[in-house]
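> This is the structure I want to talk about, given as structure tokens.
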Amino acid sequence: MKRQLLDILACPVCRYSPLVLDEVLTDGEDIKEGLIRCPKCNSTYPIVEGIPDMLPPKDR
Ligand SMILES: [Zn+2]
């Protein structure tokens, strides 16, 4: 996913924005692996092979 996508993502649980990004593997502006975290409710959303999984943790 592009780094800029983080600006428009909101937490699906509590609607908080902006979310925090923990980068693990990046390729320029492209984030391949990482973790998106909500600082308000502490939900986490993994980025796997460049795709952010924004499902609420309870639906996983
Ligand atoms: Zn949240």
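Each chain in the structure tokens gets a letter, A, B and so on, in the order shown; residues start at 1 in every chain, and ligands are counted from 1 in the order they appear.
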Residues of chain A classed as strand (DSSP E) by DSSP on the backbone are to be reported as a ChimeraX atom specification.
/A:20-27,30-37,44-48,51-52
> Please identify the residues whose atoms come within 8 Å of ligand 1, using only C-alpha atoms and all ligand atoms, and report them as a ChimeraX atom specification.
/A:10-16,37-43
> Go through A:Leu5, A:Ile31, A:Val48, A:Leu55 and flag the residue nearest A:Ser17, using only C-alpha atoms for the distances.
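Of all the options, A:Leu5 lies closest to A:Ser17.
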